[in-house]
Every structure is written in structure tokens, then in C-alpha cells.
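Containing mmCIF, C-alpha atoms; chains and numbers go by the auth columns: start-v4.cif.
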```
data_my_file
#
loop_
_atom_site.group_PDB
_atom_site.id
_atom_site.type_symbol
_atom_site.label_atom_id
_atom_site.label_comp_id
_atom_site.label_asym_id
_atom_site.label_seq_id
_atom_site.Cartn_x
_atom_site.Cartn_y
_atom_site.Cartn_z
_atom_site.B_iso_or_equiv
_atom_site.auth_seq_id
_atom_site.auth_asym_id
ATOM 1 C CA MET A 1 -32.863 -8.143 -3.409 0.00 92 A
ATOM 2 C CA SER A 2 -32.176 -4.508 -2.602 0.00 93 A
ATOM 3 C CA ASP A 3 -35.138 -4.309 -0.181 0.00 94 A
ATOM 4 C CA CYS A 4 -33.869 -7.122 1.995 0.00 95 A
ATOM 5 C CA GLY A 5 -30.291 -5.917 1.808 0.00 96 A
ATOM 6 C CA CYS A 6 -29.100 -9.312 0.566 0.00 97 A
ATOM 7 C CA GLY A 7 -27.029 -7.767 -2.230 0.00 98 A
ATOM 8 C CA LEU A 8 -25.233 -5.455 0.171 0.00 99 A
ATOM 9 C CA GLU A 9 -24.621 -8.254 2.652 0.00 100 A
ATOM 10 C CA GLN A 10 -23.171 -10.503 -0.045 0.00 101 A
ATOM 11 C CA SER A 11 -20.947 -7.697 -1.324 0.00 102 A
ATOM 12 C CA ALA A 12 -19.691 -6.984 2.206 0.00 103 A
ATOM 13 C CA MET A 13 -18.981 -10.683 2.729 0.00 104 A
ATOM 14 C CA LEU A 14 -16.925 -10.854 -0.484 0.00 105 A
ATOM 15 C CA GLU A 15 -15.004 -7.710 0.484 0.00 106 A
ATOM 16 C CA ARG A 16 -14.160 -9.168 3.898 0.00 107 A
ATOM 17 C CA LYS A 17 -12.952 -12.418 2.336 0.00 108 A
ATOM 18 C CA THR A 18 -10.746 -10.537 -0.131 0.00 109 A
ATOM 19 C CA LEU A 19 -9.302 -8.238 2.522 0.00 110 A
ATOM 20 C CA ARG A 20 -8.422 -11.130 4.848 0.00 111 A
ATOM 21 C CA ALA A 21 -6.467 -12.753 2.014 0.00 112 A
ATOM 22 C CA LEU A 22 -4.698 -9.464 1.290 0.00 113 A
ATOM 23 C CA ILE A 23 -3.748 -9.006 4.938 0.00 114 A
ATOM 24 C CA ALA A 24 -2.233 -12.500 5.059 0.00 115 A
ATOM 25 C CA ILE A 25 -0.238 -12.002 1.833 0.00 116 A
ATOM 26 C CA ASN A 26 1.126 -8.584 2.802 0.00 117 A
ATOM 27 C CA ALA A 27 1.964 -9.547 6.385 0.00 118 A
ATOM 28 C CA ALA A 28 3.909 -12.576 5.153 0.00 119 A
ATOM 29 C CA MET A 29 5.768 -10.551 2.533 0.00 120 A
ATOM 30 C CA PHE A 30 6.586 -7.845 5.086 0.00 121 A
ATOM 31 C CA LEU A 31 8.447 -10.417 7.168 0.00 122 A
ATOM 32 C CA VAL A 32 10.215 -11.922 4.152 0.00 123 A
ATOM 33 C CA GLU A 33 11.334 -8.575 2.728 0.00 124 A
ATOM 34 C CA ALA A 34 12.270 -7.056 6.078 0.00 125 A
ATOM 35 C CA ILE A 35 14.535 -9.991 6.926 0.00 126 A
ATOM 36 C CA ALA A 36 15.982 -10.126 3.411 0.00 127 A
ATOM 37 C CA GLY A 37 16.499 -6.356 3.361 0.00 128 A
ATOM 38 C CA TRP A 38 18.302 -6.386 6.696 0.00 129 A
ATOM 39 C CA LEU A 39 20.504 -9.366 5.850 0.00 130 A
ATOM 40 C CA GLY A 40 21.113 -8.143 2.297 0.00 131 A
ATOM 41 C CA GLN A 41 21.697 -4.504 3.366 0.00 132 A
ATOM 42 C CA SER A 42 19.111 -3.334 0.844 0.00 133 A
ATOM 43 C CA THR A 43 17.257 -0.081 1.411 0.00 134 A
ATOM 44 C CA GLY A 44 14.994 -0.926 -1.512 0.00 135 A
ATOM 45 C CA LEU A 45 13.841 -4.168 0.095 0.00 136 A
ATOM 46 C CA ILE A 46 13.401 -2.520 3.494 0.00 137 A
ATOM 47 C CA ALA A 47 11.362 0.270 1.902 0.00 138 A
ATOM 48 C CA ASP A 48 9.231 -2.296 0.109 0.00 139 A
ATOM 49 C CA SER A 49 8.778 -4.311 3.312 0.00 140 A
ATOM 50 C CA LEU A 50 7.511 -1.240 5.177 0.00 141 A
ATOM 51 C CA ASP A 51 5.190 -0.596 2.252 0.00 142 A
ATOM 52 C CA MET A 52 3.875 -4.146 2.702 0.00 143 A
ATOM 53 C CA LEU A 53 3.388 -3.504 6.424 0.00 144 A
ATOM 54 C CA ALA A 54 1.528 -0.289 5.674 0.00 145 A
ATOM 55 C CA ASP A 55 -0.658 -2.111 3.172 0.00 146 A
ATOM 56 C CA ALA A 56 -1.475 -4.860 5.661 0.00 147 A
ATOM 57 C CA SER A 57 -2.541 -2.119 8.077 0.00 148 A
ATOM 58 C CA VAL A 58 -4.537 -0.380 5.338 0.00 149 A
ATOM 59 C CA TYR A 59 -6.348 -3.615 4.543 0.00 150 A
ATOM 60 C CA GLY A 60 -7.048 -4.115 8.238 0.00 151 A
ATOM 61 C CA ILE A 61 -8.594 -0.644 8.448 0.00 152 A
ATOM 62 C CA SER A 62 -10.571 -1.328 5.274 0.00 153 A
ATOM 63 C CA LEU A 63 -11.798 -4.615 6.744 0.00 154 A
ATOM 64 C CA TYR A 64 -13.118 -2.691 9.735 0.00 155 A
ATOM 65 C CA ALA A 65 -14.911 -0.283 7.382 0.00 156 A
ATOM 66 C CA VAL A 66 -16.688 -2.967 5.321 0.00 157 A
ATOM 67 C CA GLY A 67 -20.460 -2.744 5.673 0.00 158 A
ATOM 68 C CA ARG A 68 -20.238 0.446 7.715 0.00 159 A
ATOM 69 C CA SER A 69 -21.406 3.952 6.845 0.00 160 A
ATOM 70 C CA HIS A 70 -20.030 5.989 3.948 0.00 161 A
ATOM 71 C CA ARG A 71 -18.525 8.382 6.481 0.00 162 A
ATOM 72 C CA MET A 72 -16.723 5.539 8.241 0.00 163 A
ATOM 73 C CA GLN A 73 -15.347 4.245 4.940 0.00 164 A
ATOM 74 C CA ALA A 74 -14.023 7.717 4.075 0.00 165 A
ATOM 75 C CA ALA A 75 -12.431 8.002 7.522 0.00 166 A
ATOM 76 C CA ALA A 76 -10.774 4.616 6.979 0.00 167 A
ATOM 77 C CA GLY A 77 -9.362 5.849 3.669 0.00 168 A
ATOM 78 C CA THR A 78 -7.957 8.978 5.333 0.00 169 A
ATOM 79 C CA ALA A 79 -6.372 6.970 8.145 0.00 170 A
ATOM 80 C CA SER A 80 -4.823 4.644 5.570 0.00 171 A
ATOM 81 C CA GLY A 81 -3.247 7.563 3.720 0.00 172 A
ATOM 82 C CA PHE A 82 -1.720 9.108 6.831 0.00 173 A
ATOM 83 C CA LEU A 83 -0.378 5.712 7.928 0.00 174 A
ATOM 84 C CA GLN A 84 1.385 5.275 4.590 0.00 175 A
ATOM 85 C CA ILE A 85 3.017 8.685 4.859 0.00 176 A
ATOM 86 C CA LEU A 86 4.094 8.094 8.467 0.00 177 A
ATOM 87 C CA LEU A 87 5.919 4.864 7.603 0.00 178 A
ATOM 88 C CA VAL A 88 7.799 6.624 4.803 0.00 179 A
ATOM 89 C CA LEU A 89 9.758 8.544 7.454 0.00 180 A
ATOM 90 C CA GLY A 90 11.343 5.275 8.550 0.00 181 A
ATOM 91 C CA VAL A 91 12.358 4.472 4.981 0.00 182 A
ATOM 92 C CA LEU A 92 13.963 7.874 4.428 0.00 183 A
ATOM 93 C CA ALA A 93 15.843 7.575 7.715 0.00 184 A
ATOM 94 C CA ASP A 94 17.300 4.251 6.532 0.00 185 A
ATOM 95 C CA VAL A 95 18.320 5.781 3.189 0.00 186 A
ATOM 96 C CA VAL A 96 20.191 8.593 4.954 0.00 187 A
ATOM 97 C CA ARG A 97 21.839 6.161 7.382 0.00 188 A
ATOM 98 C CA ARG A 98 23.104 3.866 4.635 0.00 189 A
ATOM 99 C CA PHE A 99 24.238 6.802 2.485 0.00 190 A
ATOM 100 C CA TYR A 100 26.531 8.119 5.221 0.00 191 A
ATOM 101 C CA PHE A 101 27.622 4.852 6.852 0.00 192 A
ATOM 102 C CA GLY A 102 27.751 2.717 3.729 0.00 193 A
ATOM 103 C CA SER A 103 26.181 -0.579 2.705 0.00 194 A
ATOM 104 C CA GLU A 104 26.810 -3.564 0.435 0.00 195 A
ATOM 105 C CA PRO A 105 23.410 -4.551 -0.967 0.00 196 A
ATOM 106 C CA ALA A 106 23.122 -8.165 -2.136 0.00 197 A
ATOM 107 C CA SER A 107 21.922 -7.864 -5.727 0.00 198 A
ATOM 108 C CA GLY A 108 20.887 -11.515 -6.047 0.00 199 A
ATOM 109 C CA LEU A 109 18.714 -11.302 -2.954 0.00 200 A
ATOM 110 C CA MET A 110 17.178 -8.054 -4.159 0.00 201 A
ATOM 111 C CA MET A 111 16.203 -9.564 -7.500 0.00 202 A
ATOM 112 C CA SER A 112 14.840 -12.843 -6.133 0.00 203 A
ATOM 113 C CA VAL A 113 12.873 -11.392 -3.217 0.00 204 A
ATOM 114 C CA GLY A 114 11.714 -8.461 -5.345 0.00 205 A
ATOM 115 C CA THR A 115 10.342 -10.919 -7.915 0.00 206 A
ATOM 116 C CA LEU A 116 8.556 -12.853 -5.168 0.00 207 A
ATOM 117 C CA ALA A 117 7.026 -9.618 -3.856 0.00 208 A
ATOM 118 C CA LEU A 118 5.949 -8.719 -7.390 0.00 209 A
ATOM 119 C CA ALA A 119 4.132 -12.048 -7.730 0.00 210 A
ATOM 120 C CA ALA A 120 2.440 -11.471 -4.368 0.00 211 A
ATOM 121 C CA ASN A 121 1.219 -8.004 -5.352 0.00 212 A
ATOM 122 C CA VAL A 122 -0.018 -9.125 -8.762 0.00 213 A
ATOM 123 C CA THR A 123 -2.065 -11.718 -6.859 0.00 214 A
ATOM 124 C CA CYS A 124 -3.414 -8.913 -4.647 0.00 215 A
ATOM 125 C CA LEU A 125 -4.417 -6.888 -7.707 0.00 216 A
ATOM 126 C CA LEU A 126 -6.254 -9.868 -9.181 0.00 217 A
ATOM 127 C CA LEU A 127 -8.141 -10.303 -5.914 0.00 218 A
ATOM 128 C CA LEU A 128 -8.983 -6.591 -5.799 0.00 219 A
ATOM 129 C CA ALA A 129 -9.991 -6.233 -9.457 0.00 220 A
ATOM 130 C CA LYS A 130 -13.666 -6.928 -8.804 0.00 221 A
ATOM 131 C CA HIS A 131 -13.753 -4.370 -5.971 0.00 222 A
ATOM 132 C CA ARG A 132 -11.827 -1.494 -7.590 0.00 223 A
ATOM 133 C CA ASP A 133 -15.004 0.525 -8.211 0.00 224 A
ATOM 134 C CA GLY A 134 -16.401 -0.090 -4.732 0.00 225 A
ATOM 135 C CA GLY A 135 -16.266 2.159 -1.666 0.00 226 A
ATOM 136 C CA ILE A 136 -13.409 4.554 -0.987 0.00 227 A
ATOM 137 C CA HIS A 137 -11.874 2.024 1.417 0.00 228 A
ATOM 138 C CA MET A 138 -11.617 -0.537 -1.403 0.00 229 A
ATOM 139 C CA ARG A 139 -10.340 2.032 -3.907 0.00 230 A
ATOM 140 C CA ALA A 140 -7.598 2.853 -1.401 0.00 231 A
ATOM 141 C CA SER A 141 -6.599 -0.817 -1.388 0.00 232 A
ATOM 142 C CA TRP A 142 -6.477 -0.842 -5.198 0.00 233 A
ATOM 143 C CA ILE A 143 -4.307 2.306 -5.328 0.00 234 A
ATOM 144 C CA PHE A 144 -1.788 0.966 -2.826 0.00 235 A
ATOM 145 C CA SER A 145 -1.489 -2.426 -4.531 0.00 236 A
ATOM 146 C CA THR A 146 -0.940 -0.749 -7.898 0.00 237 A
ATOM 147 C CA ASN A 147 1.868 1.326 -6.382 0.00 238 A
ATOM 148 C CA ASP A 148 3.345 -1.824 -4.879 0.00 239 A
ATOM 149 C CA VAL A 149 3.721 -3.478 -8.283 0.00 240 A
ATOM 150 C CA ILE A 150 5.658 -0.448 -9.532 0.00 241 A
ATOM 151 C CA ALA A 151 7.840 -0.519 -6.409 0.00 242 A
ATOM 152 C CA ASN A 152 8.551 -4.253 -6.824 0.00 243 A
ATOM 153 C CA VAL A 153 9.654 -3.810 -10.429 0.00 244 A
ATOM 154 C CA SER A 154 11.910 -0.945 -9.304 0.00 245 A
ATOM 155 C CA VAL A 155 13.558 -3.129 -6.658 0.00 246 A
ATOM 156 C CA VAL A 156 14.270 -5.879 -9.200 0.00 247 A
ATOM 157 C CA ILE A 157 15.767 -3.355 -11.650 0.00 248 A
ATOM 158 C CA SER A 158 17.905 -1.824 -8.907 0.00 249 A
ATOM 159 C CA GLY A 159 19.207 -5.301 -8.053 0.00 250 A
ATOM 160 C CA VAL A 160 20.313 -5.706 -11.661 0.00 251 A
ATOM 161 C CA LEU A 161 22.003 -2.281 -11.638 0.00 252 A
ATOM 162 C CA VAL A 162 23.778 -3.005 -8.348 0.00 253 A
ATOM 163 C CA ALA A 163 25.209 -6.174 -9.895 0.00 254 A
ATOM 164 C CA VAL A 164 26.194 -4.500 -13.176 0.00 255 A
ATOM 165 C CA LEU A 165 27.581 -1.254 -11.761 0.00 256 A
ATOM 166 C CA GLY A 166 29.016 -2.618 -8.516 0.00 257 A
ATOM 167 C CA SER A 167 27.511 0.379 -6.670 0.00 258 A
ATOM 168 C CA ARG A 168 25.038 0.736 -3.812 0.00 259 A
ATOM 169 C CA MET A 169 23.579 3.941 -5.284 0.00 260 A
ATOM 170 C CA PRO A 170 20.817 2.238 -7.356 0.00 261 A
ATOM 171 C CA ASP A 171 19.538 0.655 -4.137 0.00 262 A
ATOM 172 C CA LEU A 172 19.513 3.982 -2.290 0.00 263 A
ATOM 173 C CA ILE A 173 17.848 5.743 -5.212 0.00 264 A
ATOM 174 C CA VAL A 174 15.126 3.094 -5.477 0.00 265 A
ATOM 175 C CA GLY A 175 14.554 3.223 -1.717 0.00 266 A
ATOM 176 C CA THR A 176 13.964 6.970 -2.034 0.00 267 A
ATOM 177 C CA LEU A 177 11.726 6.585 -5.097 0.00 268 A
ATOM 178 C CA VAL A 178 9.608 3.939 -3.355 0.00 269 A
ATOM 179 C CA ALA A 179 9.196 6.344 -0.435 0.00 270 A
ATOM 180 C CA ILE A 180 8.046 9.107 -2.805 0.00 271 A
ATOM 181 C CA LEU A 181 5.645 6.696 -4.501 0.00 272 A
ATOM 182 C CA VAL A 182 4.121 5.756 -1.166 0.00 273 A
ATOM 183 C CA VAL A 183 3.692 9.427 -0.204 0.00 274 A
ATOM 184 C CA ARG A 184 1.934 10.166 -3.502 0.00 275 A
ATOM 185 C CA GLY A 185 -0.418 7.234 -2.972 0.00 276 A
ATOM 186 C CA GLY A 186 -1.128 8.352 0.589 0.00 277 A
ATOM 187 C CA LEU A 187 -1.874 11.926 -0.460 0.00 278 A
ATOM 188 C CA ARG A 188 -4.113 10.705 -3.284 0.00 279 A
ATOM 189 C CA ILE A 189 -6.299 8.577 -1.071 0.00 280 A
ATOM 190 C CA ILE A 190 -6.515 11.348 1.565 0.00 281 A
ATOM 191 C CA ARG A 191 -7.692 13.732 -1.149 0.00 282 A
ATOM 192 C CA GLU A 192 -10.226 11.225 -2.501 0.00 283 A
ATOM 193 C CA SER A 193 -11.515 10.520 1.000 0.00 284 A
ATOM 194 C CA ARG A 194 -12.082 14.219 1.658 0.00 285 A
ATOM 195 C CA GLU A 195 -13.807 14.658 -1.699 0.00 286 A
ATOM 196 C CA SER A 196 -15.976 11.639 -0.949 0.00 287 A
ATOM 197 C CA ARG A 197 -17.029 13.051 2.438 0.00 288 A
ATOM 198 C CA SER A 198 -17.753 16.432 0.871 0.00 289 A
ATOM 199 C CA ALA A 199 -19.899 14.871 -1.858 0.00 290 A
ATOM 200 C CA GLU A 200 -21.804 12.832 0.705 0.00 291 A
ATOM 201 C CA ARG A 201 -22.488 15.930 2.839 0.00 292 A
ATOM 202 C CA LYS A 202 -23.806 17.799 -0.188 0.00 293 A
ATOM 203 C CA LYS A 203 -25.992 14.843 -1.078 0.00 294 A
ATOM 204 C CA LEU A 204 -27.475 14.708 2.416 0.00 295 A
ATOM 205 C CA ALA A 205 -27.959 18.493 2.473 0.00 296 A
ATOM 206 C CA SER A 206 -29.840 18.455 -0.840 0.00 297 A
ATOM 207 C CA ARG A 207 -31.981 15.548 0.378 0.00 298 A
ATOM 208 C CA ASP A 208 -32.917 17.416 3.592 0.00 299 A
ATOM 209 C CA ALA A 209 -33.713 20.526 1.595 0.00 300 A
#
```

Target format C-alpha cells, applied to this file:
Amino acid sequence: MSDCGCGLEQSAMLERKTLRALIAINAAMFLVEAIAGWLGQSTGLIADSLDMLADASVYGISLYAVGRSHRMQAAAGTASGFLQILLVLGVLADVVRRFYFGSEPASGLMMSVGTLALAANVTCLLLLAKHRDGGIHMRASWIFSTNDVIANVSVVISGVLVAVLGSRMPDLIVGTLVAILVVRGGLRIIRESRESRSAERKKLASRDA
């Protein structure tokens, strides 16, 4: 099996199938959360929607890396991390804007759409479970989806607090926390990608020696 490469080809095919499903789920949820966040004046939902957009892009990069060299997979992981961090700037800008100019987040919309996003990301994790120990590009996908579940739960909780306290501050705080979570995930995968490239270089150097 290993001589003909059939095992690797089958694994690559399964990864591509999983990643296409993940792209579809995250792209759809980006649209849903972005519209809901804008209409419901929720920074938390907008932050989560941008996280979904970043994830869809990450999965697209990972899809490109499937079946390619170890170096290409590591480069895909690095690009994914930087993309996550870049999109966080948009989230933080929205937090600052709403803090100074005010907002009236719709708690019911936050809770319902946040729950829907949570279900979507749990589905993504189930799809990724069999690939979590694969290449760095697939580990990046697992890390981001795990962060998404935490972010979704935070949005739902903030919706409850907005309703109970009658304040927009829980929404702004959660929007900021989601941004920090995304940055941490981005930095983690960048670090892992660099370590993976370094290990591969050492492996090749020892083989040549």
C-alpha cells in the first residue's frame, strides 16, 4: 500500500472532502452572523462572523496544501495564522467604534445565532476529529475550530448578560475576548509551523549527512 502511494492518496482525498465541507459551513455562518451582528448591533456576533470568514480562508489554504510537500503545508499553516491576526484588527476597530458611539445589542439574536454557530462549529470539530493528528495544515484547522466553539459559547453567555443587565458592555467585552482568542490561535499555529519547518530541515540535513 505504501509503495504505490494508495494510502497517501486516500488520506489526501478524505482531507479534501472534509475541508470542502468545512469551507461551506464556515462561509454560510459568516454570512448569517455578519448580517445578524450588523442588524443586532452586536460586536460579539461580528467578531465571530469574521472568525468564521478567517476559518473559511484557513480551510481554503489547507485545501490547497493537501497532498503537497511538508514545506508547503507548513507555509499554509503560517499564512493561516497571519490571516487570523489580520482580521482581528477589524474586530477591535468595531469594538472601539461601538464603545464611543454606542450600540444596543439584541440579546435574543445574539443567543439564537450564537447557538446556531456553536452547532456549526461542533459539526466542524466532528469532521476534523479524524484528521487532528495529521499535517500541520490540518492541525491548524483543528486549533481554529476549537477556538470557535469557545467563542460561540462566549457570545451566547454575553447575550444572556446583555438581557439580564440591560448593558452593552458584555457584548463589547466578549468581542474583545474573541479577538484575543483568535490572536492566540494565530500565534500558536505560526509557532507550530515554524517548529515543523525547523524539524523537517534538521531531518533532511541528518539524512544528507

### Query
For this file, the PyMOL selection byres ((chain A and resi 263-270) around 7) selects which residues, as a list of chain:residue names?
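The output of the PyMOL selection byres ((chain A and resi 263-270) around 7) on this file is A:Thr134, A:Gly135, A:Ala138, A:Val179, A:Val182, A:Leu183, A:Val186, A:Ala242, A:Ser245, A:Val246, A:Ser249, A:Arg259, A:Met260, A:Pro261, A:Asp262, A:Ile271, A:Leu272, A:Val273, A:Val274.
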
Quick one: write out the picked residues with C-alpha atoms as a PDB file, keeping the file's coordinate frame?
```pdb
ATOM      1  CA  THR A 134      17.257  -0.081   1.411  1.00  0.00           C
ATOM      2  CA  GLY A 135      14.994  -0.926  -1.512  1.00  0.00           C
ATOM      3  CA  ALA A 138      11.362   0.270   1.902  1.00  0.00           C
ATOM      4  CA  VAL A 179       7.799   6.624   4.803  1.00  0.00           C
ATOM      5  CA  VAL A 182      12.358   4.472   4.981  1.00  0.00           C
ATOM      6  CA  LEU A 183      13.963   7.874   4.428  1.00  0.00           C
ATOM      7  CA  VAL A 186      18.320   5.781   3.189  1.00  0.00           C
ATOM      8  CA  ALA A 242       7.840  -0.519  -6.409  1.00  0.00           C
ATOM      9  CA  SER A 245      11.910  -0.945  -9.304  1.00  0.00           C
ATOM     10  CA  VAL A 246      13.558  -3.129  -6.658  1.00  0.00           C
ATOM     11  CA  SER A 249      17.905  -1.824  -8.907  1.00  0.00           C
ATOM     12  CA  ARG A 259      25.038   0.736  -3.812  1.00  0.00           C
ATOM     13  CA  MET A 260      23.579   3.941  -5.284  1.00  0.00           C
ATOM     14  CA  PRO A 261      20.817   2.238  -7.356  1.00  0.00           C
ATOM     15  CA  ASP A 262      19.538   0.655  -4.137  1.00  0.00           C
ATOM     16  CA  ILE A 271       8.046   9.107  -2.805  1.00  0.00           C
ATOM     17  CA  LEU A 272       5.645   6.696  -4.501  1.00  0.00           C
ATOM     18  CA  VAL A 273       4.121   5.756  -1.166  1.00  0.00           C
ATOM     19  CA  VAL A 274       3.692   9.427  -0.204  1.00  0.00           C
TER      20      VAL A 274
END
```

### Task
Using CA of Leu200 in chain A and CA of Asp139 in chain A as the two end points, give the distance in Å to one decimal.
13.4 Å

### Message
Please determine, counting all atoms listed in the file, which residue among A:Lys221, A:Asp142, A:Tyr150, A:Leu178 has the shortest atom-to-atom distance to Ile241 in chain A.
### Response
A:Asp142

### Task
Name the residues captured by the PyMOL selection byres ((chain A and resi 191-194) around 12) when it is applied to the shown file; answer as a list in words.
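Output of the PyMOL selection byres ((chain A and resi 191-194) around 12): Gly128, Trp129, Leu130, Gly131, Gln132, Ser133, Thr134, Gly135, Ala184, Asp185, Val186, Val187, Arg188, Arg189, Phe190, Glu195, Pro196, Ala197, Ser198, Val253, Gly257, Ser258, Arg259, Met260, Pro261, Asp262 and Leu263 of chain A.
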
## Note on the structure
From the list A:Leu113, A:Ser232, A:Phe121, A:Arg275, the nearest residue to Ala208 in chain A using all atoms listed in the file is A:Phe121

### Task
Record the distance separating CA of Leu219 in chain A and CA of Lys293 in chain A, expressed in Å with one decimal.
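Atom-to-atom, CA of Leu219 in chain A and CA of Lys293 in chain A are spaced 29.1 Å apart.
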
Decode the PyMOL selection byres ((chain A and resi 123) around 10) for the given file into explicit residues and return them as a tab-separated table (two decimals) with C-alpha atoms, keeping the file's coordinate frame.
```
chain	number	residue	atom	x	y	z
A	117	ASN	CA	1.13	-8.58	2.80
A	118	ALA	CA	1.96	-9.55	6.38
A	119	ALA	CA	3.91	-12.58	5.15
A	120	MET	CA	5.77	-10.55	2.53
A	121	PHE	CA	6.59	-7.84	5.09
A	122	LEU	CA	8.45	-10.42	7.17
A	124	GLU	CA	11.33	-8.57	2.73
A	125	ALA	CA	12.27	-7.06	6.08
A	126	ILE	CA	14.54	-9.99	6.93
A	127	ALA	CA	15.98	-10.13	3.41
A	128	GLY	CA	16.50	-6.36	3.36
A	136	LEU	CA	13.84	-4.17	0.10
A	137	ILE	CA	13.40	-2.52	3.49
A	140	SER	CA	8.78	-4.31	3.31
A	204	VAL	CA	12.87	-11.39	-3.22
A	207	LEU	CA	8.56	-12.85	-5.17
A	208	ALA	CA	7.03	-9.62	-3.86
```

### Query
Separation of CA of Thr206 in chain A and CA of Leu218 in chain A, in Å?
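Interatomic distance here is 18.6 Å.
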
## Note on the structure
From the list A:Ala165, A:Ile114, A:Met143, A:Leu154, the nearest residue to Glu286 in chain A using all atoms listed in the file is A:Ala165

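Proximity to Thr237 in chain A was assessed for A:Leu217, A:Ile116, A:Ala103, A:Val251 counting only C-alpha atoms; the smallest distance is recorded for A:Leu217.
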
## Note on the structure
With distances taken over only C-alpha atoms, the candidate from A:Ala210, A:Leu216, A:Ala254, A:Leu141 nearest Gly181 in chain A is A:Leu141
